[in-house]
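> Next up, upload-v8.txt (compact mmCIF, C-alpha atoms and all ligand atoms).
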```txt
# COMPACT_ATOMS: atom_id res chain seq x y z
CA MET A 18 -28.88 5.73 3.29
CA PRO A 19 -31.16 7.40 5.87
CA PRO A 20 -30.01 6.95 9.50
CA ASP A 21 -30.98 3.74 11.28
CA MET A 22 -31.84 1.86 8.12
CA PRO A 23 -30.81 -1.81 8.15
CA ALA A 24 -27.21 -2.16 7.14
CA SER A 25 -25.52 -3.99 4.32
CA THR A 26 -22.02 -4.31 2.92
CA PRO A 27 -20.52 -2.76 -0.19
CA TYR A 28 -18.25 -5.81 -0.73
CA VAL A 29 -19.73 -9.19 -1.64
CA ASP A 30 -17.04 -11.18 0.17
CA LEU A 31 -17.43 -9.27 3.40
CA GLU A 32 -20.32 -10.05 5.75
CA PRO A 33 -22.06 -6.90 7.06
CA VAL A 34 -20.72 -7.37 10.60
CA ARG A 35 -17.14 -7.68 9.34
CA TRP A 36 -17.67 -4.69 7.11
CA ARG A 37 -18.87 -2.55 10.01
CA GLY A 38 -15.81 -3.56 12.06
CA ILE A 39 -13.41 -2.72 9.21
CA LEU A 40 -15.26 0.47 8.34
CA ALA A 41 -15.23 1.74 11.95
CA ARG A 42 -11.48 1.13 12.19
CA GLY A 43 -10.73 2.63 8.76
CA ALA A 44 -12.97 5.65 9.35
CA ILE A 45 -11.40 6.43 12.72
CA TYR A 46 -7.79 5.85 11.58
CA HIS A 47 -8.53 8.12 8.64
CA ALA A 48 -9.74 10.81 11.02
CA LEU A 49 -6.59 10.27 13.15
CA ARG A 50 -4.27 10.18 10.12
CA THR A 51 -2.07 13.13 11.15
CA ARG A 52 -1.27 11.22 14.37
CA LEU A 53 -0.83 7.74 12.93
CA VAL A 54 2.97 7.86 13.16
CA ALA A 55 2.71 8.19 16.95
CA LEU A 56 -0.29 5.87 17.30
CA GLY A 57 1.20 3.19 15.05
CA GLU A 58 4.30 2.80 17.23
CA SER A 59 3.06 -0.28 19.02
CA ALA A 60 6.53 -1.31 20.24
CA GLY A 61 7.58 1.92 21.93
CA GLN A 62 4.14 2.97 23.10
CA GLY A 63 3.31 3.71 26.69
CA ALA A 64 0.59 1.83 28.53
CA HIS A 65 -1.91 4.71 28.28
CA ILE A 66 -1.76 4.90 24.49
CA ARG A 67 -2.00 1.12 24.19
CA GLY A 68 -4.89 1.23 26.65
CA ALA A 69 -6.71 3.87 24.61
CA LEU A 70 -6.33 1.78 21.43
CA ASN A 71 -7.53 -1.31 23.29
CA ASP A 72 -10.59 0.67 24.43
CA LEU A 73 -11.25 1.57 20.82
CA GLU A 74 -11.05 -2.13 19.85
CA LEU A 75 -13.48 -3.10 22.61
CA HIS A 76 -16.00 -0.48 21.55
CA ILE A 77 -15.71 -1.49 17.92
CA ASN A 78 -16.24 -5.16 18.75
CA ALA A 79 -19.21 -4.37 20.98
CA LEU A 80 -20.93 -1.78 18.81
CA THR A 81 -20.54 -3.17 15.30
CA VAL A 82 -22.64 -6.29 15.98
CA ASP A 83 -25.80 -4.17 15.78
CA GLU A 84 -27.25 -3.94 12.30
CA LEU A 85 -27.04 -0.21 11.82
CA ASP A 86 -26.13 1.86 8.81
CA ASP A 87 -22.53 2.93 8.26
CA GLU A 88 -22.87 6.50 9.46
CA THR A 89 -24.62 5.49 12.69
CA THR A 90 -22.14 2.67 13.35
CA VAL A 91 -19.16 5.03 13.10
CA ARG A 92 -20.89 7.72 15.15
CA ARG A 93 -21.67 5.29 17.99
CA VAL A 94 -18.07 4.03 18.13
CA VAL A 95 -16.72 7.58 18.11
CA GLU A 96 -19.05 8.63 20.93
CA ALA A 97 -18.12 5.64 23.08
CA TRP A 98 -14.39 6.16 22.53
CA ASP A 99 -14.76 9.89 23.15
CA ALA A 100 -16.30 9.14 26.55
CA ALA A 101 -13.55 6.62 27.40
CA LEU A 102 -10.83 9.12 26.42
CA THR A 103 -12.51 11.89 28.41
CA GLN A 104 -12.51 9.65 31.46
CA LYS A 105 -8.85 8.72 30.97
CA LEU A 106 -7.84 12.36 30.52
CA GLY A 107 -9.84 13.43 33.58
CA MET A 108 -8.70 10.81 36.03
CA MET A 109 -5.12 9.95 35.37
CA PRO A 110 -1.90 11.83 35.91
CA LEU A 111 -0.49 11.65 32.38
CA GLU A 112 2.81 12.72 30.87
CA ALA A 113 2.43 15.88 28.78
CA ASN A 114 3.09 14.15 25.43
CA VAL A 115 0.60 11.36 26.19
CA ARG A 116 -2.02 13.87 27.26
CA GLU A 117 -1.45 15.88 24.09
CA LEU A 118 -1.75 12.79 21.87
CA LEU A 119 -4.91 11.50 23.53
CA THR A 120 -6.51 14.96 23.49
CA ALA A 121 -5.69 15.35 19.79
CA ALA A 122 -7.01 11.85 19.07
CA ARG A 123 -10.30 12.62 20.82
CA THR A 124 -10.76 15.83 18.83
CA LEU A 125 -9.75 14.32 15.50
CA ALA A 126 -11.92 11.21 15.91
CA ARG A 127 -15.02 13.41 16.10
CA ASP A 128 -14.60 14.08 12.36
CA ALA A 129 -14.85 10.38 11.45
CA CYS A 130 -17.69 9.64 9.06
CA GLY A 131 -19.30 6.58 7.49
CA SER A 132 -18.06 6.98 3.91
CA ASP A 133 -15.82 4.18 2.66
CA PRO A 134 -12.17 5.21 3.32
CA PHE A 135 -10.76 2.28 1.31
CA GLU A 136 -12.59 3.09 -1.90
CA ARG A 137 -11.71 6.77 -1.55
CA MET A 138 -8.00 6.06 -1.10
CA PHE A 139 -8.00 3.53 -3.93
CA ALA A 140 -9.70 6.01 -6.28
CA GLN A 141 -7.05 8.65 -5.53
CA ILE A 142 -4.26 6.20 -6.32
CA SER A 143 -5.77 4.50 -9.37
CA GLN A 144 -6.47 7.90 -10.91
CA ARG A 145 -2.75 8.74 -10.73
CA ALA A 146 -1.69 5.34 -12.06
CA ARG A 147 -4.15 5.73 -14.94
CA ALA A 148 -2.39 8.96 -15.94
CA LEU A 149 0.90 7.03 -15.90
CA TYR A 150 -0.34 4.20 -18.15
CA GLY A 151 -2.71 6.07 -20.49
CA GLU A 152 -4.12 3.73 -23.14
CA ALA A 153 -2.75 0.62 -21.43
CA TRP A 154 -4.82 1.21 -18.29
CA ARG A 155 -7.43 -1.35 -17.25
CA ILE A 156 -10.18 0.14 -15.14
CA PRO A 157 -9.87 -1.54 -11.72
CA THR A 158 -12.57 -2.30 -9.21
CA LEU A 159 -11.69 -2.70 -5.55
CA ALA A 160 -12.92 -5.60 -3.45
CA VAL A 161 -12.26 -5.78 0.29
CA ALA A 162 -12.29 -9.16 2.04
CA HIS A 163 -11.41 -10.66 5.39
CA VAL A 164 -8.61 -13.17 5.96
CA GLY A 165 -8.59 -15.32 9.09
CA SER A 166 -4.92 -14.85 10.00
CA HIS A 167 -1.86 -12.65 9.58
CA PRO A 168 -0.73 -12.80 5.91
CA ARG A 169 2.84 -13.63 6.97
CA SER A 170 1.91 -15.53 10.15
CA ALA A 171 3.98 -13.04 12.14
CA SER A 172 3.44 -11.51 15.58
CA LEU A 173 1.98 -8.01 15.68
CA GLN A 174 5.04 -6.74 17.52
CA GLN A 175 7.29 -7.83 14.66
CA ASP A 176 4.92 -7.11 11.81
CA PRO A 177 1.76 -5.05 12.44
CA TYR A 178 0.84 -5.08 8.70
CA VAL A 179 -2.05 -7.53 8.73
CA VAL A 180 -3.07 -6.54 5.21
CA THR A 181 -2.21 -7.73 1.76
CA ALA A 182 -3.48 -7.06 -1.76
CA ARG A 183 -3.56 -8.89 -5.06
CA THR A 184 -4.73 -8.39 -8.59
CA PRO A 185 -5.72 -11.69 -10.20
CA TRP A 186 -4.56 -11.88 -13.80
CA SER A 187 -7.13 -10.28 -16.07
CA PRO A 188 -7.71 -11.85 -19.49
CA ASP A 189 -9.49 -8.70 -20.49
CA ALA A 190 -7.87 -5.56 -21.86
CA VAL A 191 -10.15 -3.02 -20.25
CA THR A 192 -10.97 -4.08 -16.69
CA SER A 193 -9.22 -5.59 -13.69
CA ALA A 194 -10.02 -6.37 -10.07
CA VAL A 195 -7.87 -5.46 -7.08
CA GLN A 196 -8.51 -7.34 -3.84
CA LEU A 197 -7.57 -5.94 -0.45
CA LEU A 198 -7.39 -8.66 2.20
CA ILE A 199 -7.53 -7.61 5.85
CA PHE A 200 -7.11 -9.69 8.99
CA CYS A 201 -9.89 -7.68 10.60
CA ASP A 202 -9.35 -8.65 14.24
CA GLU A 203 -5.85 -7.16 14.33
CA PHE A 204 -6.30 -4.28 11.89
CA GLY A 205 -4.55 -1.37 13.60
CA PRO A 206 -3.20 2.12 12.77
CA ALA A 207 0.09 0.88 11.24
CA ALA A 208 -1.75 -1.47 8.87
CA TYR A 209 -4.07 1.35 7.81
CA ALA A 210 -1.05 3.58 7.07
CA ALA A 211 0.43 0.81 4.89
CA LEU A 212 -2.62 0.70 2.59
CA PRO A 213 -1.34 3.41 0.19
CA ILE A 214 1.79 1.42 -0.72
CA LEU A 215 -0.30 -1.74 -1.20
CA PHE A 216 -2.65 0.06 -3.57
CA VAL A 217 0.23 1.80 -5.39
CA HIS A 218 1.93 -1.60 -5.83
CA GLU A 219 -1.20 -3.18 -7.34
CA CYS A 220 -1.87 -0.21 -9.62
CA VAL A 221 1.72 0.33 -10.78
CA CYS A 222 2.79 -3.33 -10.99
CA HIS A 223 -0.30 -5.33 -11.96
CA VAL A 224 -3.40 -3.46 -13.13
CA ALA A 225 -1.98 -2.47 -16.54
CA ALA A 226 0.52 -5.33 -16.89
CA LYS A 227 0.71 -6.52 -20.45
CA GLN A 228 2.58 -9.78 -19.89
CA ASP A 229 1.13 -13.16 -19.03
CA ARG A 230 0.17 -14.10 -15.48
CA ALA A 231 2.36 -12.48 -12.82
CA LYS A 232 4.21 -14.92 -10.61
CA ASN A 233 4.89 -14.05 -6.97
CA ASP A 234 8.56 -14.78 -7.50
CA SER A 235 8.96 -12.60 -10.59
CA VAL A 236 12.02 -10.37 -10.19
CA PHE A 237 10.43 -8.00 -12.70
CA ALA A 238 6.79 -7.77 -11.50
CA GLU A 239 7.53 -8.05 -7.77
CA GLY A 240 11.05 -6.60 -7.82
CA LEU A 241 11.99 -3.94 -10.38
CA LEU A 242 8.40 -2.71 -10.74
CA ASP A 243 7.88 -2.79 -6.98
CA TRP A 244 10.94 -0.53 -6.63
CA ALA A 245 9.17 1.87 -9.02
CA ALA A 246 6.01 1.60 -6.89
CA TYR A 247 7.92 3.04 -3.91
CA TYR A 248 9.07 5.92 -6.09
CA PHE A 249 5.46 6.67 -7.02
CA LEU A 250 4.21 6.31 -3.45
CA ASP A 251 6.74 8.95 -2.45
CA LEU A 252 5.84 11.17 -5.40
CA TRP A 253 2.08 10.91 -4.89
CA ALA A 254 1.76 10.66 -1.08
CA SER A 255 1.00 14.31 -0.41
CA GLY A 256 -1.43 14.53 -3.30
CA ILE A 257 -3.26 11.38 -2.25
CA ASP A 258 -3.73 12.69 1.27
CA PRO A 259 -1.43 15.33 2.81
CA GLY A 260 -2.45 14.42 6.37
CA LEU A 261 -1.70 10.74 5.88
CA SER A 262 1.53 11.18 3.88
CA PRO A 263 4.10 11.12 6.75
CA ALA A 264 2.62 7.88 8.13
CA ALA A 265 2.09 6.42 4.64
CA ARG A 266 5.73 7.02 3.70
CA MET A 267 7.13 5.75 6.98
CA HIS A 268 5.05 2.58 7.11
CA ALA A 269 5.70 1.88 3.41
CA GLN A 270 9.42 1.76 4.19
CA ARG A 271 8.92 -0.45 7.25
CA LEU A 272 6.76 -2.86 5.29
CA ARG A 273 9.39 -2.87 2.53
CA GLY A 274 12.03 -3.97 5.03
CA LEU A 275 9.80 -6.81 6.24
CA LEU A 276 8.83 -7.95 2.74
CA CYS A 277 12.45 -8.01 1.55
CA GLN A 278 13.93 -9.86 4.50
CA GLY A 279 12.03 -13.15 4.43
CA GLU A 280 13.28 -16.47 3.14
CA THR A 281 10.38 -16.99 0.73
CA PRO A 282 10.72 -16.90 -3.09
CA GLU A 283 8.61 -13.69 -3.02
CA SER A 284 11.01 -11.95 -0.62
CA ARG A 285 14.04 -13.02 -2.61
CA ALA A 286 12.48 -11.79 -5.87
CA ARG A 287 11.66 -8.46 -4.30
CA LEU A 288 15.12 -7.94 -2.87
CA TYR A 289 16.80 -9.08 -6.09
CA GLY A 290 14.64 -6.76 -8.22
CA HIS A 291 15.29 -3.82 -5.89
CA GLN A 292 19.04 -4.46 -6.11
CA SER A 293 18.84 -4.62 -9.91
CA ALA A 294 16.95 -1.32 -9.95
CA GLU A 295 19.68 0.27 -7.80
CA THR A 296 22.39 -1.12 -10.10
CA LEU A 297 20.63 0.37 -13.12
CA ARG A 298 20.16 3.66 -11.31
CA GLY A 299 23.87 3.75 -10.48
CA TRP A 300 24.67 2.99 -14.14
CA PHE A 301 22.56 5.95 -15.33
CA GLU A 302 24.42 8.16 -12.83
CA THR A 303 27.99 7.07 -13.37
CA ARG A 304 27.95 6.12 -17.06
CA CYS A 305 25.45 8.66 -18.38
CA GLY A 306 26.09 11.60 -16.04
CA HIS A 307 22.56 11.87 -14.64
CA SER A 308 21.79 13.21 -11.18
CA PRO A 309 20.59 10.65 -8.62
CA HIS A 310 17.04 11.95 -9.01
CA GLU A 311 17.11 11.84 -12.83
CA ALA A 312 18.56 8.34 -12.72
CA GLU A 313 15.83 7.19 -10.33
CA GLU A 314 13.19 8.62 -12.63
CA LEU A 315 14.72 6.92 -15.68
CA VAL A 316 14.57 3.52 -13.95
CA THR A 317 10.90 4.04 -13.08
CA VAL A 318 10.06 5.17 -16.64
CA LEU A 319 11.80 2.10 -18.00
CA ALA A 320 9.99 -0.22 -15.57
CA VAL A 321 6.57 1.25 -16.44
CA LYS A 322 7.27 1.06 -20.20
CA LEU A 323 8.53 -2.49 -19.91
CA ASN A 324 5.31 -3.43 -18.11
CA GLN A 325 3.41 -2.42 -21.25
CA VAL A 326 5.51 -4.43 -23.71
CA ASP A 327 3.57 -7.43 -24.95
CA ARG A 328 6.25 -10.04 -24.29
CA PRO A 329 6.37 -12.97 -21.85
CA LEU A 330 7.21 -12.31 -18.22
CA THR A 331 10.20 -14.67 -18.48
CA GLU A 332 11.89 -12.21 -20.87
CA LYS A 333 11.31 -9.30 -18.49
CA ASP A 334 12.67 -11.38 -15.62
CA LEU A 335 15.72 -12.19 -17.74
CA PHE A 336 16.25 -8.48 -18.37
CA VAL A 337 16.28 -7.87 -14.60
CA THR A 338 18.78 -10.66 -13.98
CA LYS A 339 21.19 -9.01 -16.42
CA LEU A 340 21.24 -5.80 -14.38
CA SER A 341 24.25 -6.65 -12.27
CA ASP A 342 27.48 -4.73 -12.16
CA PRO A 343 29.23 -4.69 -14.62
CA LEU A 344 26.42 -4.65 -17.20
CA PRO A 345 27.01 -6.72 -20.36
CA PRO A 346 28.47 -4.40 -23.06
CA ASP A 347 25.62 -5.17 -25.49
CA LEU A 348 23.08 -4.22 -22.84
CA GLU A 349 24.94 -0.97 -22.12
CA GLU A 350 24.73 -0.13 -25.80
CA ALA A 351 21.01 -1.01 -25.90
CA LEU A 352 20.33 1.15 -22.82
CA ARG A 353 22.09 4.11 -24.43
CA ALA A 354 19.97 3.63 -27.55
CA TRP A 355 16.83 3.41 -25.36
CA GLU A 356 17.67 6.75 -23.76
CA ASP A 357 17.55 8.32 -27.22
CA ASP A 358 14.59 6.54 -28.81
CA GLN A 359 12.64 5.15 -25.79
CA ASN A 360 11.96 2.01 -27.83
CA THR A 361 11.46 -0.44 -24.99
CA GLU A 362 10.62 -3.41 -27.23
CA ASP A 363 14.01 -3.11 -28.92
CA LEU A 364 15.72 -2.78 -25.55
CA LEU A 365 14.05 -5.94 -24.25
CA ALA A 366 14.94 -7.88 -27.40
CA ALA A 367 18.56 -6.73 -27.13
CA ALA A 368 18.69 -7.63 -23.41
CA VAL A 369 17.34 -11.12 -24.06
CA ALA A 370 19.96 -11.63 -26.77
CA ALA A 371 22.84 -10.12 -24.76
ZN ZN B 401 2.53 -7.90 -6.66
```
Please re-express this file's structure in structure tokens.

Amino acid sequence: MPPDMPASTPYVDLEPVRWRGILARGAIYHALRTRLVALGESAGQGAHIRGALNDLELHINALTVDELDDETTVRRVVEAWDAALTQKLGMMPLEANVRELLTAARTLARDACGSDPFERMFAQISQRARALYGEAWRIPTLAVAHVGSHPRSASLQQDPYVVTARTPWSPDAVTSAVQLLIFCDEFGPAAYAALPILFVHECVCHVAAKQDRAKNDSVFAEGLLDWAAYYFLDLWASGIDPGLSPAARMHAQRLRGLLCQGETPESRARLYGHQSAETLRGWFETRCGHSPHEAEELVTVLAVKLNQVDRPLTEKDLFVTKLSDPLPPDLEEALRAWEDDQNTEDLLAAAVAA
């Protein structure tokens, strides 16, 4: 789009003004990605860092109301924040680490551009998940939308991750749609750094899922497979974006802690499925002599293969519930057979019967 052309939005559910606000945040956090660990520490942050991020918010809110194209919108916000940071750095006695962080932020932000950071990140992740699923892959489209409140109704101090994602069940074998929902008003650096794990979860757990509709309280889809999603986030983080990877890994783990600790059926399913995955991993180590890393990989391979078996979700959930120590002898035998022949349909049938 030529500069200063009237603006629009790439996402049907996002009004142009919301889009510009989300884009400006995403574009600048992307530019600041090597410093997002420090900038995302809202709890332990000094007043000057918080003040600089508040300045950024104010400029975004003031400058994204104008109907300008994406590139111009981002450039105007960057220029305004640059001036505010320059003033802060010039006038205040600052501790050396704060001065270093704000100086780095000012320099890095100058590289922010108007291209869609969400679509770019999603493409990087879905490309890797496609390689994992091969023929079973459904080509996903990404939609970004605004939600009017925190997805877990939490305070930002406790839970800065004001983002969530979902993949409505697709009746179709070739396409799917992933939705990223952002509470735009509070969308900060920590939430941006949590986007890779959200996208990895949707791509690994839901896009290629063969079973019937996923339920939020499925110990398979939201538990065992989610455990595998963390494995893939870790494996892919540097390839997706080396600059973002330290923050992406750290915030993925923090979000995991929050998502597993609640009292909701979703939290319980997640925690239960993660525990089952650890039990199975331990079994591969102690009973089959695999290294911890090999055992971890075997659990993820099994989870991904199970996701492609055309059987009801209830059977896969039942499989997960049987993964508690000690494993039923028939299931141990079936797992040993699976290691040799990788026939996941037979394993599931044996687990259901065990
Ligand atoms: Zn899910």
> Tell me which protein, DNA and RNA residues are within 7 Å of A:Thr192, counting only C-alpha atoms, leaving out same-chain ones fewer than 2 positions away, and put them as a PyMOL selection string.
chain A and resi 155-157+189-190
> List every residue of stretch 49-105 of chain A that has an atom at most 12 Å from any atom of stretch 109-124 of chain A, and for each one report the closest atom pair and its distance in Å to one decimal, counting only C-alpha atoms, with rows sorted by chain and then by increasing residue number, as a tab-separated table.

```
residue	atom	partner	partner_atom	distance
A:Leu49	CA	A:Ala122	CA	6.1
A:Arg50	CA	A:Ala122	CA	9.5
A:Thr51	CA	A:Ala122	CA	9.4
A:Arg52	CA	A:Ala122	CA	7.4
A:Leu53	CA	A:Ala122	CA	9.6
A:Val54	CA	A:Leu118	CA	11.1
A:Ala55	CA	A:Leu118	CA	8.1
A:Leu56	CA	A:Leu118	CA	8.4
A:Gln62	CA	A:Val115	CA	9.6
A:Gly63	CA	A:Val115	CA	8.1
A:Ala64	CA	A:Val115	CA	9.8
A:His65	CA	A:Val115	CA	7.4
A:Ile66	CA	A:Val115	CA	7.1
A:Arg67	CA	A:Val115	CA	10.8
A:Gly68	CA	A:Leu119	CA	10.7
A:Ala69	CA	A:Leu119	CA	7.9
A:Leu70	CA	A:Leu119	CA	10.0
A:Leu73	CA	A:Arg123	CA	11.1
A:Val94	CA	A:Arg123	CA	11.9
A:Val95	CA	A:Arg123	CA	8.6
A:Glu96	CA	A:Arg123	CA	9.6
A:Ala97	CA	A:Arg123	CA	10.7
A:Trp98	CA	A:Arg123	CA	7.8
A:Asp99	CA	A:Arg123	CA	5.7
A:Ala100	CA	A:Arg123	CA	9.0
A:Ala101	CA	A:Arg123	CA	9.5
A:Leu102	CA	A:Arg123	CA	6.6
A:Thr103	CA	A:Arg123	CA	7.9
A:Gln104	CA	A:Met109	CA	8.4
A:Lys105	CA	A:Met109	CA	5.9
```
> Keeping C-alpha atoms for every residue in the selection just given, could you write it to a file as a PDB file, keeping the file's coordinate frame?

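See result35.pdb below for the written result:
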```pdb
ATOM      1  CA  LEU A  49      -6.590  10.270  13.150  1.00  0.00           C
ATOM      2  CA  ARG A  50      -4.270  10.180  10.120  1.00  0.00           C
ATOM      3  CA  THR A  51      -2.070  13.130  11.150  1.00  0.00           C
ATOM      4  CA  ARG A  52      -1.270  11.220  14.370  1.00  0.00           C
ATOM      5  CA  LEU A  53      -0.830   7.740  12.930  1.00  0.00           C
ATOM      6  CA  VAL A  54       2.970   7.860  13.160  1.00  0.00           C
ATOM      7  CA  ALA A  55       2.710   8.190  16.950  1.00  0.00           C
ATOM      8  CA  LEU A  56      -0.290   5.870  17.300  1.00  0.00           C
ATOM      9  CA  GLN A  62       4.140   2.970  23.100  1.00  0.00           C
ATOM     10  CA  GLY A  63       3.310   3.710  26.690  1.00  0.00           C
ATOM     11  CA  ALA A  64       0.590   1.830  28.530  1.00  0.00           C
ATOM     12  CA  HIS A  65      -1.910   4.710  28.280  1.00  0.00           C
ATOM     13  CA  ILE A  66      -1.760   4.900  24.490  1.00  0.00           C
ATOM     14  CA  ARG A  67      -2.000   1.120  24.190  1.00  0.00           C
ATOM     15  CA  GLY A  68      -4.890   1.230  26.650  1.00  0.00           C
ATOM     16  CA  ALA A  69      -6.710   3.870  24.610  1.00  0.00           C
ATOM     17  CA  LEU A  70      -6.330   1.780  21.430  1.00  0.00           C
ATOM     18  CA  LEU A  73     -11.250   1.570  20.820  1.00  0.00           C
ATOM     19  CA  VAL A  94     -18.070   4.030  18.130  1.00  0.00           C
ATOM     20  CA  VAL A  95     -16.720   7.580  18.110  1.00  0.00           C
ATOM     21  CA  GLU A  96     -19.050   8.630  20.930  1.00  0.00           C
ATOM     22  CA  ALA A  97     -18.120   5.640  23.080  1.00  0.00           C
ATOM     23  CA  TRP A  98     -14.390   6.160  22.530  1.00  0.00           C
ATOM     24  CA  ASP A  99     -14.760   9.890  23.150  1.00  0.00           C
ATOM     25  CA  ALA A 100     -16.300   9.140  26.550  1.00  0.00           C
ATOM     26  CA  ALA A 101     -13.550   6.620  27.400  1.00  0.00           C
ATOM     27  CA  LEU A 102     -10.830   9.120  26.420  1.00  0.00           C
ATOM     28  CA  THR A 103     -12.510  11.890  28.410  1.00  0.00           C
ATOM     29  CA  GLN A 104     -12.510   9.650  31.460  1.00  0.00           C
ATOM     30  CA  LYS A 105      -8.850   8.720  30.970  1.00  0.00           C
TER      31      LYS A 105
END
```
> Please provide the set of residues having any atom within 9 Å of A:Asp347, restricted to all atoms listed in the file, with same-chain residues fewer than 2 positions apart removed, written as a list of chain:residue names.
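In the requested form, the answer reads A:Leu344, A:Pro345, A:Glu349, A:Glu350, A:Ala351, A:Leu352, A:Ala367, A:Ala368, A:Ala370, A:Ala371.
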> Could you give me, as a JSON list (two decimals) with C-alpha atoms, in the coordinates of the input, the residues that sit within 12 Å of (-21.7, 4.0, 7.2) in the file's coordinates, counting only C-alpha atoms?

```
[["chain", "number", "residue", "atom", "x", "y", "z"],
["A", 18, "MET", "CA", -28.88, 5.73, 3.29],
["A", 19, "PRO", "CA", -31.16, 7.40, 5.87],
["A", 20, "PRO", "CA", -30.01, 6.95, 9.50],
["A", 21, "ASP", "CA", -30.98, 3.74, 11.28],
["A", 22, "MET", "CA", -31.84, 1.86, 8.12],
["A", 23, "PRO", "CA", -30.81, -1.81, 8.15],
["A", 24, "ALA", "CA", -27.21, -2.16, 7.14],
["A", 25, "SER", "CA", -25.52, -3.99, 4.32],
["A", 26, "THR", "CA", -22.02, -4.31, 2.92],
["A", 27, "PRO", "CA", -20.52, -2.76, -0.19],
["A", 33, "PRO", "CA", -22.06, -6.90, 7.06],
["A", 34, "VAL", "CA", -20.72, -7.37, 10.60],
["A", 36, "TRP", "CA", -17.67, -4.69, 7.11],
["A", 37, "ARG", "CA", -18.87, -2.55, 10.01],
["A", 38, "GLY", "CA", -15.81, -3.56, 12.06],
["A", 39, "ILE", "CA", -13.41, -2.72, 9.21],
["A", 40, "LEU", "CA", -15.26, 0.47, 8.34],
["A", 41, "ALA", "CA", -15.23, 1.74, 11.95],
["A", 42, "ARG", "CA", -11.48, 1.13, 12.19],
["A", 43, "GLY", "CA", -10.73, 2.63, 8.76],
["A", 44, "ALA", "CA", -12.97, 5.65, 9.35],
["A", 45, "ILE", "CA", -11.40, 6.43, 12.72],
["A", 81, "THR", "CA", -20.54, -3.17, 15.30],
["A", 84, "GLU", "CA", -27.25, -3.94, 12.30],
["A", 85, "LEU", "CA", -27.04, -0.21, 11.82],
["A", 86, "ASP", "CA", -26.13, 1.86, 8.81],
["A", 87, "ASP", "CA", -22.53, 2.93, 8.26],
["A", 88, "GLU", "CA", -22.87, 6.50, 9.46],
["A", 89, "THR", "CA", -24.62, 5.49, 12.69],
["A", 90, "THR", "CA", -22.14, 2.67, 13.35],
["A", 91, "VAL", "CA", -19.16, 5.03, 13.10],
["A", 92, "ARG", "CA", -20.89, 7.72, 15.15],
["A", 93, "ARG", "CA", -21.67, 5.29, 17.99],
["A", 94, "VAL", "CA", -18.07, 4.03, 18.13],
["A", 129, "ALA", "CA", -14.85, 10.38, 11.45],
["A", 130, "CYS", "CA", -17.69, 9.64, 9.06],
["A", 131, "GLY", "CA", -19.30, 6.58, 7.49],
["A", 132, "SER", "CA", -18.06, 6.98, 3.91],
["A", 133, "ASP", "CA", -15.82, 4.18, 2.66],
["A", 134, "PRO", "CA", -12.17, 5.21, 3.32]]
```
> Per residue of chain A within 8 Å of ligand ZN 401 (chain B), record the nearest atom pair and its distance in Å to one decimal, counting all atoms listed in the file, with rows in chain order and ascending residue number, as CSV.

```
residue,atom,partner,partner_atom,distance
A:Ala182,CA,B:ZN401,ZN,7.8
A:Arg183,CA,B:ZN401,ZN,6.4
A:Thr184,CA,B:ZN401,ZN,7.5
A:His218,CA,B:ZN401,ZN,6.4
A:Glu219,CA,B:ZN401,ZN,6.1
A:Cys222,CA,B:ZN401,ZN,6.3
A:His223,CA,B:ZN401,ZN,6.5
A:Ala231,CA,B:ZN401,ZN,7.7
A:Asn233,CA,B:ZN401,ZN,6.6
A:Ala238,CA,B:ZN401,ZN,6.4
A:Glu239,CA,B:ZN401,ZN,5.1
A:Asp243,CA,B:ZN401,ZN,7.4
```
> Just the number, please: distance in Å from atom CA of A:Ile199 to atom CA of A:Val180, one decimal.
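These two atoms are separated by 4.6 Å.
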> Could you list, as a PDB file with C-alpha atoms, in the coordinates of the input, every residue within 12 Å of A:Gly279, counting all atoms listed in the file and ignoring same-chain residues fewer than 4 positions away?

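Written out: around.pdb:
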```pdb
ATOM      1  CA  ARG A 169       2.840 -13.630   6.970  1.00  0.00           C
ATOM      2  CA  SER A 170       1.910 -15.530  10.150  1.00  0.00           C
ATOM      3  CA  ALA A 171       3.980 -13.040  12.140  1.00  0.00           C
ATOM      4  CA  ASP A 176       4.920  -7.110  11.810  1.00  0.00           C
ATOM      5  CA  LEU A 272       6.760  -2.860   5.290  1.00  0.00           C
ATOM      6  CA  ARG A 273       9.390  -2.870   2.530  1.00  0.00           C
ATOM      7  CA  GLY A 274      12.030  -3.970   5.030  1.00  0.00           C
ATOM      8  CA  LEU A 275       9.800  -6.810   6.240  1.00  0.00           C
ATOM      9  CA  GLU A 283       8.610 -13.690  -3.020  1.00  0.00           C
ATOM     10  CA  SER A 284      11.010 -11.950  -0.620  1.00  0.00           C
ATOM     11  CA  ARG A 285      14.040 -13.020  -2.610  1.00  0.00           C
ATOM     12  CA  ALA A 286      12.480 -11.790  -5.870  1.00  0.00           C
ATOM     13  CA  ARG A 287      11.660  -8.460  -4.300  1.00  0.00           C
ATOM     14  CA  LEU A 288      15.120  -7.940  -2.870  1.00  0.00           C
TER      15      LEU A 288
END
```
> Could you tell me how far atom CA of A:Cys277 lies from atom CA of A:Pro343, in Å and to one decimal?
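Straight-line distance from atom CA of A:Cys277 to atom CA of A:Pro343 works out to 23.5 Å.
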> If we count all atoms listed in the file, what is near A:Glu295 at a cut-off of 9 Å, once residues fewer than 3 positions away on the same chain are taken out, given as a PyMOL selection string?
chain A and resi 244+290-292+298-300+313+316
> Taking into account all atoms listed in the file, which residue in the set A:Pro168, A:Gly107, A:Pro213, A:Gly205 is nearest to A:Ala140?
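Comparing A:Pro168, A:Gly107, A:Pro213, A:Gly205 against A:Ala140, the winner is A:Pro213.
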> Atom CA of A:Thr158 to atom CA of A:Gln196: how many Å, to one decimal?
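Between atom CA of A:Thr158 and atom CA of A:Gln196 the gap is 8.4 Å.
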